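As structure tokens, the structure follows; a few thoughts come after it.
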Amino acid sequence: MRQTILSASVIAAMLFCAGVQAQSDPIKIGVVTPLSGTYAGIGQQVKWGLDLATKEINASGGIAGRKVELIYEDEEANPAVAVQKAEKLLQVSKVDFLTGTVNSGSTLAVGQVAERNNRLASTTVSFADSITADKCSPNMFRVNARAGMQSAALAEWLAKAKPNANVYYLGPDYEMGRSTVAAFKAAAEAKGAKTAGEVFAPLDNKDYSPYFGQIRGARPNVIYTSVAGNDTVRLMTQMAEFGLNRNLQVLGASGTVTSQNLAAIGKAADGFVTGVGYSTTIDNPINKKFVADFEAAYKAQPDLYGADSYGLMYFYKAAVEKAKSTDTDKVREAMRGLQWDTPQGTKTMRAGDHQAMQDMYAVQVNDGKFVIVGKVDADAAIGPDTCTKF
Amino acid sequence: MGEFSRPASSKQINSLRLLAVLFFAISCVFAFIATVVEDVFFLRLATEAMIFGGLALSVDLLLGITGLLPLGQALFFGFGAYAAALILKNWTVSIWLVLLACMLSSALVGLVAGLIAIRSKGVYFALISFGLAQVVSKIVFNTVELGASDGIIGVPNAQILPGLSSGQPTVFFLFALMFIALVYSLLNYLMKTPYGRQLIAIKANEHRVAFLGFNTWRFKLSAFVLAASIAGTSGALYPMLRGFVSPELMFFQVSGNAIINVIVGGTGTLIGPLYGSALLTGLRSVVGSFTPHHQLVIGVLFMIVVILFPRGIIGYLAPMLDRRCQKGQGTVQQEARGG
Amino acid sequence: MAEALEWMQYVLAPQVINGASIGVAVVLMALGLTIIFGLLDVINMAHGEFYAMGAYAAVILIAIGIPFWWALLLTPLFMAVVGYAVERTLIQRVFHSKDRHTLTLLLTFGLAIVLEDVLKIAFGANPMRIETPIGGSIEVFGLFFPNYRMFVMGMGSAIVAAVWIFIFRTRVGAIVRAAAFDRHMTASLGVPVNKVYALTFALGVALAGIAGVLLAPIYSVFPTMGRDFVLIAFSVVIIGGMGSIKGAVIAGLLLTQIQSISSLYISPVWSDPLLFGCMVLVLMWRPQGLFGRLGHG
């Protein structure tokens, strides 16, 4: 009995403090992102995107009159580290919101930490469908496009540009690579493409030439690949080395060729097409300003990770201002169905599975630049809501 | 040095005991303070340090006592973690049943791995254990039934007693502390038995032990199985704390960190690896918040220890402590019995 | 019959030749490892990082306008200096302790962690590349092969041959073998054994560096690139016999052929377990590896 009174008064005191704090203290956002390790390049884009948006928001008065403070923690793209850092941010730094995770393992694990601590989290990078499908969480929101959406845009472009394509699939042999290939295969076959064959190479494979014989033998006119990062550099350089990319259209997942590895791939990337939620050439005033500011600040081009992370800050700002609070339940309600403007056009957060809806693009590499060659509307790209947890 | 080794080591054991008592005393004080100030993060971080301390103990049993360098001990740690996650999710949340199952199953896995690895000696053993962990972690990374690269999330809290679960930070910290104290005492006791002396003798000179008519293979294999079981049971605590497992738990980074913990703490001292684990878990957490180049900091620290203090912090402190408190030996022994 | 011939030509032959070009790369990596182990008893865990350093050194040299061929010559010299310095300042400090096997392994393990992070600080995490110095491809049995790969195979074989001649046919090589066989005896004959050790370490590191430059145009350059070779290079050295040059060459070519041809039939996921299985089988049959170590018969 005495305990109840005690804890009630403690809670009351805390609420009071929180009420007082709300007027003066900054809103803290924790960013758990890989600043070292294999995904450090992506983490860099995430950081730049968030930093730029935060600078703008703070310059124009903050969120609901409160300044925004970003607190970074390096998660090394390792879920075990990510979870520990997320707990630190939630319990020591007392952040209001979490974001930044890149690989889907970290995103899922951090989502669970957020759930257990009754806070909200968001990813701006992970594109595994499961995060907003069978492994969805009421506390996790995704503002970037998921794998299925990317496939939809790319398959649409393929059907128009190369009707009756004969596609060979080459993926990295792990869960994510396989499911990305499977998603695109389903989308492409639904639009009339044939399958010439498929092969999965180990992750971090150094030499793809052992697979080239099989690919040649299957005589495809299109190759789809879901390898990423350094693996793409090797795959594409080696394909050019062996003259395999002549008379072949190369397609890929959105992480296959990005501004981080484009320079290293060089000419071998020309002609490559991907389905993606962002391109620097998207024609709207927000994007033009975003690209100009980004380049001025960081001497580098933004890619989809930078753009999605930039957009996230405005998503959170809109939600908090709509909820007039940073309280988890209120912000969650505000986020559901929220529409907000980003460099990628207006996005809508679908209430049923916390997956953002956005227009998707087919983008081609031309002379070292990404050029938009096709577009699919948000409604056509999103796919069904399969989340049953909430 | 050799002639004086007997008396020196018996004295050293006393100071090691003192340091062990100190370790567990500090841990209890820490738990008390953390609970009073209603801290959650540091308690759970310390619990993680204990769990990795268990892994470090298993490495020390092999490296420091038996003289085998295991570069793939994360294999058993990760195996225990996955086994516990699956049992907790599908069958029972009783911590006792989970730990028992993990203890036995990881010993079995250790037996199989040991039959492959123990045949080889020295650096061959190191590289075989490395390869074994590498291969198994890749298989787990690719197995959809085990969550593949995503791992398994949604592991429920384990129940210790009705009303006490691994979700309560203080409760679970004390539980992990007790577990580690138990493992530590068991290993400490073993070292005084003829069995333990055989292991130490194998480290000193394997051929001589064989000439004396002992089957060194059997001793090494049993130490390997015991180490695997300790690593697996420690690993089983991980999903109870963090609620998930991922293939990264089996990666070389975990094995490498365990070795760093052991070397920095003090090889062969048993209590050193626990200090090392606590110290470096804290250090990694702190340094990582300031710079993304924490690997550089840890790597340089590790190299300094290897070159200048190859016996590690405790291996360096213990003899110093001996010289200081030779007089207080009796009281120390009493305290040690109490702890 | 015709079908079988076609299979040999279009499926098997490219697999064998590609496997051989990867094999030469693996042998180059394993060669440095095995020489360092054979003489110094040191498992060089930082070998992959030296390989990466070599590639980055070439990136710098090419960026300041030095042609690839000069970079190919200068990088191993630079890496030899690095190797010499590492042996003198780090390895020597723990070399004379009782359990030097473990300590040197741990020391180079620490060095690997540090070097990888240093490369990341200096060059960033994003991949870089070196343009292929020889473009185009030639036709062998009606199949295309890039000229540069042919060059790498030729160059790699030449390097292996040169190292072999150096160790087994020169006076200095004889001293190296003698020091590996009995260090005290060699020292008492007036040979500066410590210098021989440092130079051999430098040679091993230079070999890793030259592999880095040679392979950079094919495999691209990034801080963690050395990890590619860790498992396979160690397996090669173990199977071939630690410290055996012949063993490294034979095991390196054999293992990459097994991997290459098996990838026609089994999922590549199993290529690592297969490699490892081969290693365990060989060790059960011959615990010391296929061939004896340097200086021992």
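Ordering of the structure tokens sets the chain letters (A, B, ...), residue numbers begin anew at 1 in every chain, and ligands are numbered from 1 in the order given.
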* To do: Could the residues of chain A within 9 Å of chain C, counting only C-alpha atoms, be given as a PyMOL selection string, please?
  => chain A and resi 36-41+173-174+199-207+209-214+217+229-230+233-235+237-238+241-243+260-261+263-266
Handout entry: Surrounding residues of stretch 188-205 of chain B excluding itself and chain neighbours under 2 positions, 8 Å, only C-alpha atoms, as a PyMOL selection string
Key = chain B and resi 65-68+184-186+207-209+216+219-220+223+270
Looking only at the backbone, which of the residues in stretch 38-208 of chain C does DSSP tag as strand (DSSP E), as a PyMOL selection string? chain C and resi 137-140+143-146
With only C-alpha atoms as the counted atoms, please give the residues lying no more than 7 Å from A:Gln45, apart from itself and same-chain residues fewer than 5 positions off, as a PyMOL selection string.
chain A and resi 302+305-306
- [ ] Identify all chain B residues at most 10 Å from chain A by counting only C-alpha atoms; ligands do not count. Present them as a PyMOL selection string.
- [x] chain B and resi 39-42+44-45+48+138-144+147-155+167+238+242-249+284-295
Next, the residues of the selection above should be written as a compact mmCIF listing (two decimals), in the first residue's frame with C-alpha atoms.
```txt
# COMPACT_ATOMS: atom_id res chain seq x y z
CA ASP B 39 19.52 2.26 -13.39
CA VAL B 40 18.65 -0.23 -16.10
CA PHE B 41 21.23 0.23 -18.82
CA PHE B 42 24.37 -0.30 -16.78
CA ARG B 44 22.09 -4.93 -18.25
CA LEU B 45 25.46 -3.97 -19.71
CA GLU B 48 26.28 -8.81 -20.71
CA LYS B 138 28.11 -19.40 -42.43
CA ILE B 139 25.68 -22.29 -42.39
CA VAL B 140 23.57 -20.60 -39.71
CA PHE B 141 23.76 -17.36 -41.67
CA ASN B 142 22.18 -19.18 -44.61
CA THR B 143 19.59 -21.32 -42.86
CA VAL B 144 16.13 -19.84 -43.26
CA GLY B 147 16.13 -16.87 -39.27
CA ALA B 148 19.19 -16.74 -41.56
CA SER B 149 20.94 -13.36 -41.50
CA ASP B 150 18.10 -11.76 -39.53
CA GLY B 151 18.43 -14.11 -36.58
CA ILE B 152 15.54 -14.88 -34.23
CA ILE B 153 13.69 -12.11 -32.45
CA GLY B 154 10.87 -12.24 -29.92
CA VAL B 155 12.56 -14.56 -27.44
CA GLY B 167 13.37 -9.37 -17.61
CA TYR B 238 22.35 -14.08 -23.99
CA ARG B 242 18.59 -9.31 -25.12
CA GLY B 243 15.55 -11.13 -26.43
CA PHE B 244 17.11 -12.16 -29.74
CA VAL B 245 19.93 -14.09 -31.33
CA SER B 246 21.72 -13.41 -34.61
CA PRO B 247 24.46 -15.22 -36.53
CA GLU B 248 26.89 -12.47 -35.57
CA LEU B 249 27.11 -14.18 -32.16
CA ARG B 284 33.84 -0.77 -25.90
CA SER B 285 30.54 0.76 -24.88
CA VAL B 286 32.14 4.05 -23.88
CA VAL B 287 34.74 4.41 -26.65
CA GLY B 288 32.18 3.49 -29.28
CA SER B 289 30.11 6.51 -28.29
CA PHE B 290 32.96 8.91 -28.87
CA THR B 291 34.60 7.62 -32.01
CA PRO B 292 33.78 5.14 -34.76
CA HIS B 293 37.40 4.05 -34.56
CA HIS B 294 37.05 2.03 -31.36
CA GLN B 295 38.68 -0.94 -33.09
```
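For chain B, the residues having at least one atom no farther than 7 Å from chain C, when counting only C-alpha atoms, are B:Ser120, B:Gly131, B:Val135, B:His293, B:Gln295, B:Leu296, B:Gly299, B:Val300, B:Phe302, B:Met303, B:Val306, B:Ile307.
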Same residues, C-alpha atoms, output as a short mmCIF file (atom, residue, chain, number, x, y, z; two decimals), in the first residue's frame:
```cif
data_model
loop_
_atom_site.label_atom_id
_atom_site.label_comp_id
_atom_site.auth_asym_id
_atom_site.auth_seq_id
_atom_site.Cartn_x
_atom_site.Cartn_y
_atom_site.Cartn_z
CA SER B 120 45.85 -31.34 -34.15
CA GLY B 131 37.74 -22.79 -39.51
CA VAL B 135 31.95 -22.81 -41.42
CA HIS B 293 37.40 4.05 -34.56
CA GLN B 295 38.68 -0.94 -33.09
CA LEU B 296 41.86 1.09 -33.29
CA GLY B 299 43.62 -3.04 -31.01
CA VAL B 300 46.39 -0.76 -29.77
CA PHE B 302 45.64 -5.22 -26.92
CA MET B 303 49.00 -4.99 -28.67
CA VAL B 306 50.71 -8.53 -25.53
CA ILE B 307 54.10 -6.84 -25.83
#
```
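In this structure, atom CA of B:Leu61 sits 25.0 Å away from atom CA of B:Phe172.
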Extract, using only C-alpha atoms, all DNA, RNA and protein residues at most 6 Å from C:Pro76, discarding same-chain residues fewer than 3 positions from it, and format them as a PyMOL selection string. chain C and resi 79-80+206+209-210
**Request:** Find the residues near stretch 356-362 of chain A: any atom within 9 Å, counting only C-alpha atoms, skip ones fewer than 6 places away on the same chain, and give them as JSON, numbers by chain.
**Result:** {"A": [141, 142, 143, 144, 145, 146, 149, 150, 152, 153, 154, 155, 156, 157, 273, 274, 275, 276, 277, 278, 279, 337, 344, 345, 346, 347, 348, 349, 350, 371, 372, 373, 374, 375, 376, 377, 378, 379, 380, 381, 382]}
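Summary of the local environment: counting only C-alpha atoms, residues at most 9 Å from A:Lys289, other than itself and those fewer than 5 positions away along its chain, are Asn284, Phe294 and Pro343 of chain A.
The space separating atom CA of C:Trp164 from atom CA of C:Gly252 comes to 15.4 Å.
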query = Using only C-alpha atoms, which residues sit within 8 Å of stretch 315-325 of chain B once same-chain residues fewer than 6 positions away are excluded, as number ranges by chain?
reply = B: 11-12, 14-16, 19, 265-267, 269, 272, 309
Using only C-alpha atoms, the residue out of B:Leu86, B:Leu104, B:Leu55, B:Met250 with shortest distance to B:Glu145 is B:Leu86
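The nearest approach to B:Asp60 among the residues B:Phe224, B:Phe251, B:Thr233, B:Leu241, with only C-alpha atoms taken into account, belongs to B:Phe224.
Atom pair atom CA of A:Leu50 / atom CA of A:Ser126: separated by 15.9 Å.
Each of B:Gly53, B:Pro162, B:Gly276, B:Pro310 was checked against B:Ile230 using only C-alpha atoms; the smallest atom-to-atom distance is that of B:Gly53.
Closest approach to A:Ala161 among A:Leu251, A:Ala187, A:Met239, A:Leu98 is made by A:Leu251 (distances from only C-alpha atoms).
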request  = Apply DSSP to the backbone of this structure and, from stretch 48-294 of chain A, keep only the residues in helix (DSSP H, G or I); write these as a ChimeraX atom specification.
outcome  = /A:48-59,79-91,104-116,129-132,147-161,175-190,209-218,230-241,259-269,285-294
